[in-house]
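A.B. asks: Have a peek at run00.cif (mmCIF, C-alpha atoms; chains and numbers go by the auth columns).
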data_run
#
loop_
_atom_site.group_PDB
_atom_site.id
_atom_site.type_symbol
_atom_site.label_atom_id
_atom_site.label_comp_id
_atom_site.label_asym_id
_atom_site.label_seq_id
_atom_site.Cartn_x
_atom_site.Cartn_y
_atom_site.Cartn_z
_atom_site.B_iso_or_equiv
_atom_site.auth_seq_id
_atom_site.auth_asym_id
ATOM 1 C CA MET A 1 26.218 -83.029 132.028 0.00 237 A
ATOM 2 C CA ALA A 2 26.731 -80.996 128.879 0.00 238 A
ATOM 3 C CA GLU A 3 23.224 -79.507 128.966 0.00 239 A
ATOM 4 C CA LEU A 4 23.452 -78.344 132.595 0.00 240 A
ATOM 5 C CA ILE A 5 25.232 -75.389 134.185 0.00 241 A
ATOM 6 C CA ASP A 6 27.409 -76.958 136.886 0.00 242 A
ATOM 7 C CA TYR A 7 29.191 -73.791 138.021 0.00 243 A
ATOM 8 C CA PRO A 8 29.164 -70.035 137.283 0.00 244 A
ATOM 9 C CA GLY A 9 30.352 -69.425 133.758 0.00 245 A
ATOM 10 C CA ASP A 10 29.857 -73.043 132.690 0.00 246 A
ATOM 11 C CA ALA A 11 28.675 -73.134 129.069 0.00 247 A
ATOM 12 C CA THR A 12 25.973 -75.524 127.926 0.00 248 A
ATOM 13 C CA ASP A 13 26.411 -77.706 124.865 0.00 249 A
ATOM 14 C CA TYR A 14 23.051 -79.139 123.842 0.00 250 A
ATOM 15 C CA ASP A 15 24.414 -80.787 120.716 0.00 251 A
ATOM 16 C CA LEU A 16 27.009 -82.669 122.766 0.00 252 A
ATOM 17 C CA ALA A 17 24.396 -83.693 125.339 0.00 253 A
ATOM 18 C CA ARG A 18 22.104 -85.001 122.622 0.00 254 A
ATOM 19 C CA ALA A 19 24.965 -86.939 121.065 0.00 255 A
ATOM 20 C CA TYR A 20 25.606 -88.678 124.396 0.00 256 A
ATOM 21 C CA TYR A 21 21.910 -89.469 124.801 0.00 257 A
ATOM 22 C CA ARG A 22 21.799 -91.005 121.326 0.00 258 A
ATOM 23 C CA LYS A 23 24.866 -93.146 122.024 0.00 259 A
ATOM 24 C CA LEU A 24 23.327 -94.424 125.233 0.00 260 A
ATOM 25 C CA ILE A 25 20.046 -95.241 123.509 0.00 261 A
ATOM 26 C CA GLU A 26 21.870 -97.129 120.760 0.00 262 A
ATOM 27 C CA ALA A 27 24.245 -98.933 123.135 0.00 263 A
ATOM 28 C CA GLU A 28 21.673 -100.283 125.604 0.00 264 A
ATOM 29 C CA GLU A 29 19.050 -102.814 124.589 0.00 265 A
ATOM 30 C CA ALA A 30 16.688 -102.159 127.473 0.00 266 A
ATOM 31 C CA GLY A 31 16.473 -100.752 130.946 0.00 267 A
ATOM 32 C CA GLU A 32 15.945 -97.576 132.882 0.00 268 A
ATOM 33 C CA LEU A 33 19.041 -95.851 131.458 0.00 269 A
ATOM 34 C CA VAL A 34 17.557 -95.989 127.971 0.00 270 A
ATOM 35 C CA ASP A 35 14.232 -94.675 129.262 0.00 271 A
ATOM 36 C CA GLU A 36 15.977 -91.805 131.032 0.00 272 A
ATOM 37 C CA ALA A 37 18.094 -90.964 127.989 0.00 273 A
ATOM 38 C CA THR A 38 15.024 -91.046 125.744 0.00 274 A
ATOM 39 C CA LEU A 39 13.114 -88.712 128.051 0.00 275 A
ATOM 40 C CA ARG A 40 15.977 -86.229 128.280 0.00 276 A
ATOM 41 C CA LEU A 41 16.626 -86.273 124.542 0.00 277 A
ATOM 42 C CA ALA A 42 12.927 -85.875 123.730 0.00 278 A
ATOM 43 C CA VAL A 43 12.508 -82.919 126.092 0.00 279 A
ATOM 44 C CA SER A 44 15.679 -81.313 124.754 0.00 280 A
ATOM 45 C CA LEU A 45 14.455 -81.627 121.170 0.00 281 A
ATOM 46 C CA ALA A 46 10.978 -80.366 122.058 0.00 282 A
ATOM 47 C CA SER A 47 12.512 -77.221 123.548 0.00 283 A
ATOM 48 C CA GLU A 48 13.190 -76.085 119.974 0.00 284 A
ATOM 49 C CA TYR A 49 9.576 -75.031 119.582 0.00 285 A
ATOM 50 C CA ARG A 50 10.248 -73.209 116.304 0.00 286 A
ATOM 51 C CA ASN A 51 11.701 -76.318 114.679 0.00 287 A
ATOM 52 C CA PRO A 52 8.895 -78.696 113.577 0.00 288 A
ATOM 53 C CA ASP A 53 11.383 -81.396 112.589 0.00 289 A
ATOM 54 C CA SER A 54 12.945 -81.375 116.045 0.00 290 A
ATOM 55 C CA ILE A 55 9.545 -81.660 117.698 0.00 291 A
ATOM 56 C CA GLU A 56 8.496 -84.452 115.350 0.00 292 A
ATOM 57 C CA GLU A 57 11.670 -86.350 116.218 0.00 293 A
ATOM 58 C CA SER A 58 10.902 -85.867 119.904 0.00 294 A
ATOM 59 C CA VAL A 59 7.449 -87.418 119.502 0.00 295 A
ATOM 60 C CA HIS A 60 8.856 -90.227 117.361 0.00 296 A
ATOM 61 C CA LEU A 61 11.489 -91.090 119.983 0.00 297 A
ATOM 62 C CA LEU A 62 8.900 -91.331 122.739 0.00 298 A
ATOM 63 C CA ARG A 63 6.520 -93.430 120.650 0.00 299 A
ATOM 64 C CA CYS A 64 9.279 -95.847 119.665 0.00 300 A
ATOM 65 C CA ARG A 65 10.447 -96.228 123.253 0.00 301 A
ATOM 66 C CA ILE A 66 6.919 -96.881 124.501 0.00 302 A
ATOM 67 C CA GLU A 67 6.358 -99.504 121.801 0.00 303 A
ATOM 68 C CA ALA A 68 9.679 -101.158 122.672 0.00 304 A
ATOM 69 C CA GLY A 69 8.436 -101.965 126.165 0.00 305 A
ATOM 70 C CA PRO A 70 10.319 -99.683 128.560 0.00 306 A
ATOM 71 C CA ASP A 71 10.975 -100.127 132.254 0.00 307 A
ATOM 72 C CA ALA A 72 7.591 -100.214 133.986 0.00 308 A
ATOM 73 C CA GLU A 73 8.604 -97.551 136.495 0.00 309 A
ATOM 74 C CA LEU A 74 9.129 -94.866 133.852 0.00 310 A
ATOM 75 C CA LEU A 75 6.391 -95.887 131.424 0.00 311 A
ATOM 76 C CA PRO A 76 3.830 -93.432 132.896 0.00 312 A
ATOM 77 C CA LEU A 77 6.348 -90.590 132.577 0.00 313 A
ATOM 78 C CA LEU A 78 7.026 -91.472 128.938 0.00 314 A
ATOM 79 C CA TRP A 79 3.289 -91.295 128.191 0.00 315 A
ATOM 80 C CA GLU A 80 2.928 -88.083 130.195 0.00 316 A
ATOM 81 C CA THR A 81 5.847 -86.404 128.416 0.00 317 A
ATOM 82 C CA LEU A 82 4.490 -87.498 125.042 0.00 318 A
ATOM 83 C CA GLY A 83 1.076 -86.048 125.852 0.00 319 A
ATOM 84 C CA ILE A 84 2.422 -82.689 126.995 0.00 320 A
ATOM 85 C CA ILE A 85 4.682 -82.323 123.948 0.00 321 A
ATOM 86 C CA MET A 86 1.846 -83.238 121.575 0.00 322 A
ATOM 87 C CA LEU A 87 -0.405 -80.690 123.260 0.00 323 A
ATOM 88 C CA GLU A 88 1.985 -77.782 123.758 0.00 324 A
ATOM 89 C CA ARG A 89 4.230 -78.191 120.724 0.00 325 A
ATOM 90 C CA GLN A 90 1.986 -79.796 118.093 0.00 326 A
ATOM 91 C CA GLY A 91 -1.479 -78.709 119.156 0.00 327 A
ATOM 92 C CA ASP A 92 -2.631 -82.323 118.809 0.00 328 A
ATOM 93 C CA ARG A 93 -5.373 -82.369 121.422 0.00 329 A
ATOM 94 C CA GLU A 94 -6.740 -85.795 120.509 0.00 330 A
ATOM 95 C CA GLY A 95 -3.296 -87.368 120.639 0.00 331 A
ATOM 96 C CA ALA A 96 -2.552 -85.594 123.903 0.00 332 A
ATOM 97 C CA LEU A 97 -5.787 -86.885 125.431 0.00 333 A
ATOM 98 C CA LEU A 98 -4.906 -90.452 124.500 0.00 334 A
ATOM 99 C CA ALA A 99 -1.363 -90.193 125.878 0.00 335 A
ATOM 100 C CA LEU A 100 -2.313 -88.448 129.128 0.00 336 A
ATOM 101 C CA SER A 101 -5.173 -90.900 129.672 0.00 337 A
ATOM 102 C CA ARG A 102 -2.696 -93.748 129.422 0.00 338 A
ATOM 103 C CA ALA A 103 -0.345 -92.028 131.872 0.00 339 A
ATOM 104 C CA HIS A 104 -3.242 -91.532 134.280 0.00 340 A
ATOM 105 C CA GLU A 105 -4.248 -95.186 134.047 0.00 341 A
ATOM 106 C CA LEU A 106 -0.713 -96.241 134.937 0.00 342 A
ATOM 107 C CA GLY A 107 -0.400 -93.645 137.702 0.00 343 A
ATOM 108 C CA PHE A 108 1.467 -90.357 137.519 0.00 344 A
ATOM 109 C CA THR A 109 5.019 -90.668 138.830 0.00 345 A
ATOM 110 C CA ASN A 110 5.253 -87.266 140.549 0.00 346 A
ATOM 111 C CA PRO A 111 2.455 -86.455 143.048 0.00 347 A
ATOM 112 C CA THR A 112 3.502 -82.795 143.072 0.00 348 A
ATOM 113 C CA PHE A 113 2.572 -82.316 139.420 0.00 349 A
ATOM 114 C CA ALA A 114 -0.280 -84.835 139.325 0.00 350 A
ATOM 115 C CA PRO A 115 -3.077 -82.290 140.018 0.00 351 A
ATOM 116 C CA ARG A 116 -1.912 -80.013 137.198 0.00 352 A
ATOM 117 C CA ILE A 117 -1.616 -82.864 134.698 0.00 353 A
ATOM 118 C CA SER A 118 -4.956 -84.305 135.829 0.00 354 A
ATOM 119 C CA TRP A 119 -6.623 -80.924 135.327 0.00 355 A
ATOM 120 C CA THR A 120 -5.182 -80.715 131.804 0.00 356 A
ATOM 121 C CA LEU A 121 -6.422 -84.235 131.083 0.00 357 A
ATOM 122 C CA ALA A 122 -9.919 -83.444 132.369 0.00 358 A
ATOM 123 C CA ARG A 123 -10.180 -80.279 130.278 0.00 359 A
ATOM 124 C CA LEU A 124 -9.076 -82.110 127.131 0.00 360 A
ATOM 125 C CA ALA A 125 -11.633 -84.832 127.783 0.00 361 A
ATOM 126 C CA LEU A 126 -14.433 -82.294 128.285 0.00 362 A
ATOM 127 C CA GLU A 127 -13.485 -80.451 125.095 0.00 363 A
ATOM 128 C CA GLN A 128 -13.905 -83.706 123.193 0.00 364 A
ATOM 129 C CA GLY A 129 -17.129 -84.712 124.917 0.00 365 A
ATOM 130 C CA ARG A 130 -15.509 -87.583 126.799 0.00 366 A
ATOM 131 C CA PHE A 131 -17.408 -87.434 130.075 0.00 367 A
ATOM 132 C CA ASP A 132 -16.388 -91.044 130.694 0.00 368 A
ATOM 133 C CA LEU A 133 -12.780 -89.850 130.986 0.00 369 A
ATOM 134 C CA ALA A 134 -13.315 -86.399 132.473 0.00 370 A
ATOM 135 C CA VAL A 135 -15.642 -87.211 135.372 0.00 371 A
ATOM 136 C CA PRO A 136 -13.445 -89.820 137.144 0.00 372 A
ATOM 137 C CA VAL A 137 -10.424 -87.518 136.871 0.00 373 A
ATOM 138 C CA LEU A 138 -12.364 -84.550 138.252 0.00 374 A
ATOM 139 C CA GLU A 139 -13.699 -86.664 141.117 0.00 375 A
ATOM 140 C CA GLU A 140 -10.163 -87.803 141.859 0.00 376 A
ATOM 141 C CA LEU A 141 -8.978 -84.190 141.990 0.00 377 A
ATOM 142 C CA VAL A 142 -11.620 -83.395 144.605 0.00 378 A
ATOM 143 C CA VAL A 143 -11.008 -86.457 146.770 0.00 379 A
ATOM 144 C CA LYS A 144 -7.330 -87.302 146.321 0.00 380 A
ATOM 145 C CA TYR A 145 -5.797 -83.819 146.146 0.00 381 A
ATOM 146 C CA PRO A 146 -7.849 -81.722 148.596 0.00 382 A
ATOM 147 C CA ARG A 147 -4.992 -79.280 149.221 0.00 383 A
ATOM 148 C CA SER A 148 -4.632 -78.475 145.536 0.00 384 A
ATOM 149 C CA GLY A 149 -6.348 -75.393 144.146 0.00 385 A
ATOM 150 C CA ARG A 150 -7.626 -77.634 141.359 0.00 386 A
ATOM 151 C CA SER A 151 -9.811 -79.489 143.852 0.00 387 A
ATOM 152 C CA TYR A 152 -12.249 -76.584 144.194 0.00 388 A
ATOM 153 C CA GLU A 153 -12.241 -75.911 140.449 0.00 389 A
ATOM 154 C CA ALA A 154 -12.860 -79.578 139.694 0.00 390 A
ATOM 155 C CA ARG A 155 -15.893 -79.640 141.982 0.00 391 A
ATOM 156 C CA ARG A 156 -17.337 -76.548 140.300 0.00 392 A
ATOM 157 C CA VAL A 157 -17.055 -78.302 136.944 0.00 393 A
ATOM 158 C CA LEU A 158 -18.647 -81.465 138.323 0.00 394 A
ATOM 159 C CA LEU A 159 -21.578 -79.461 139.683 0.00 395 A
ATOM 160 C CA ARG A 160 -22.065 -77.852 136.283 0.00 396 A
ATOM 161 C CA ILE A 161 -21.936 -81.222 134.525 0.00 397 A
ATOM 162 C CA ALA A 162 -24.454 -82.671 136.986 0.00 398 A
ATOM 163 C CA ARG A 163 -26.793 -79.737 136.356 0.00 399 A
ATOM 164 C CA GLU A 164 -26.480 -79.741 132.561 0.00 400 A
ATOM 165 C CA HIS A 165 -26.421 -83.529 132.111 0.00 401 A
ATOM 166 C CA PRO A 166 -28.769 -85.072 134.705 0.00 402 A
ATOM 167 C CA ARG A 167 -28.825 -88.348 132.768 0.00 403 A
ATOM 168 C CA LEU A 168 -25.300 -89.001 134.044 0.00 404 A
ATOM 169 C CA GLU A 169 -26.687 -89.150 137.610 0.00 405 A
ATOM 170 C CA LEU A 170 -23.489 -87.773 139.107 0.00 406 A
ATOM 171 C CA ARG A 171 -22.897 -87.773 142.842 0.00 407 A
ATOM 172 C CA VAL A 172 -20.497 -84.886 143.312 0.00 408 A
ATOM 173 C CA PRO A 173 -18.045 -85.516 146.173 0.00 409 A
ATOM 174 C CA ASP A 174 -17.739 -82.978 148.962 0.00 410 A
ATOM 175 C CA LEU A 175 -14.738 -80.768 149.422 0.00 411 A
ATOM 176 C CA VAL A 176 -12.486 -81.492 152.366 0.00 412 A
ATOM 177 C CA GLU A 177 -12.127 -78.798 154.997 0.00 413 A
ATOM 178 C CA PHE A 178 -8.965 -78.567 157.066 0.00 414 A
ATOM 179 C CA LYS A 179 -9.525 -77.448 160.642 0.00 415 A
ATOM 180 C CA THR A 180 -7.312 -74.654 161.912 0.00 416 A
ATOM 181 C CA PRO A 181 -5.661 -75.576 165.250 0.00 417 A
ATOM 182 C CA ARG A 182 -6.627 -73.413 168.223 0.00 418 A
ATOM 183 C CA ALA A 183 -3.932 -71.059 169.469 0.00 419 A
ATOM 184 C CA SER A 184 -3.663 -73.022 172.712 0.00 420 A
ATOM 185 C CA GLU A 185 -2.784 -76.155 170.772 0.00 421 A
ATOM 186 C CA GLY A 186 0.420 -74.634 169.438 0.00 422 A
ATOM 187 C CA SER A 187 2.044 -75.530 166.146 0.00 423 A
ATOM 188 C CA THR A 188 3.960 -78.625 167.213 0.00 424 A
ATOM 189 C CA GLY A 189 0.998 -80.925 167.715 0.00 425 A
ATOM 190 C CA PRO A 190 -0.392 -83.503 165.314 0.00 426 A
ATOM 191 C CA ALA A 191 -1.739 -82.548 161.906 0.00 427 A
ATOM 192 C CA PRO A 192 -5.269 -81.056 161.968 0.00 428 A
ATOM 193 C CA ASP A 193 -8.133 -83.474 161.562 0.00 429 A
ATOM 194 C CA ARG A 194 -9.942 -83.413 158.253 0.00 430 A
ATOM 195 C CA VAL A 195 -13.698 -83.234 158.089 0.00 431 A
ATOM 196 C CA ALA A 196 -15.995 -83.373 155.105 0.00 432 A
ATOM 197 C CA ALA A 197 -17.466 -80.033 154.121 0.00 433 A
ATOM 198 C CA GLY A 198 -20.777 -80.185 152.363 0.00 434 A
ATOM 199 C CA GLY A 199 -20.190 -77.079 150.294 0.00 435 A
ATOM 200 C CA THR A 200 -22.749 -75.463 148.060 0.00 436 A
ATOM 201 C CA GLU A 201 -22.910 -74.929 144.368 0.00 437 A
ATOM 202 C CA PRO A 202 -21.166 -71.671 143.395 0.00 438 A
#
Please express what this file holds, its structure, as structure tokens.

C.D. replies:
Amino acid sequence: MAELIDYPGDATDYDLARAYYRKLIEAEEAGELVDEATLRLAVSLASEYRNPDSIEESVHLLRCRIEAGPDAELLPLLWETLGIIMLERQGDREGALLALSRAHELGFTNPTFAPRISWTLARLALEQGRFDLAVPVLEELVVKYPRSGRSYEARRVLLRIAREHPRLELRVPDLVEFKTPRASEGSTGPAPDRVAAGGTEP
């Protein structure tokens, strides 16, 4: 592809890549190819962080594609990309919260990045006083992603919310502790059992 370096010395041509993306978007009426082209074009345009017009076009492309009813498989990623661009390139924290909330409702497409995006979503929600959005996401970070560093941080925030807002009657979930196998068990055995760790408030 024109925007990628395929071999040493290969020159990138972002303008050519964008032209191909636009042709694909215009040629196809629906389907995953259009979704993919829209995502790639939007991210490429958003990379020009000093060009407000380019960033605005990026946001416009994503909004139009979402409204057009894209392939269900990539819809969460379209919302997620829109939210991140609005947050990091436009500073639109309310718009980013709305977009990332929608992506979360649909289910993030990449489990590897889900904890990071969830943490961003939770922080945005807390900034805007949306405990109804923040608390479920924080609880999910603790329970669903126990191996993520965000799990511990999320529980600390939940404990603080429970202390400062008792009316919410939060039941903060426990952290999950991973047992370390004994030396005699070797490293080729089954995965360590997980046990709930009560944990204490930091």

A.B. asks: Enumerate, as a PyMOL selection string, the residues matched when the PyMOL selection byres ((chain A and resi 380-395) around 12) is run on the file above.

C.D. replies: chain A and resi 347-359+362+367+370-379+396-402+404-414+430-438

A.B. asks: Can you work out the spacing between CA of Ala304 in chain A and CA of Thr274 in chain A in Å, to one decimal?

C.D. replies: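 That distance, rounded to one decimal, is 11.8 Å.
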
A.B. asks: With distances taken over only C-alpha atoms, which residue among A:Arg301, A:Arg325, A:Arg254, A:Arg276 lies nearest Pro288 in chain A?

C.D. replies: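 Counting only C-alpha atoms, the residue closest to Pro288 in chain A is A:Arg325.
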
A.B. asks: In Å, with one decimal, what is the gap from CA of Leu269 in chain A to CA of Ser337 in chain A?

C.D. replies: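 Taking CA of Leu269 in chain A and CA of Ser337 in chain A, their separation equals 24.8 Å.
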
A.B. asks: For the file shown, what are the residues hit by the PyMOL selection byres ((chain A and resi 279) around 12), laid out as a PyMOL selection string?

C.D. replies: chain A and resi 239+250+253-254+257+272-278+280-285+290-298+313-314+316-322+324-325
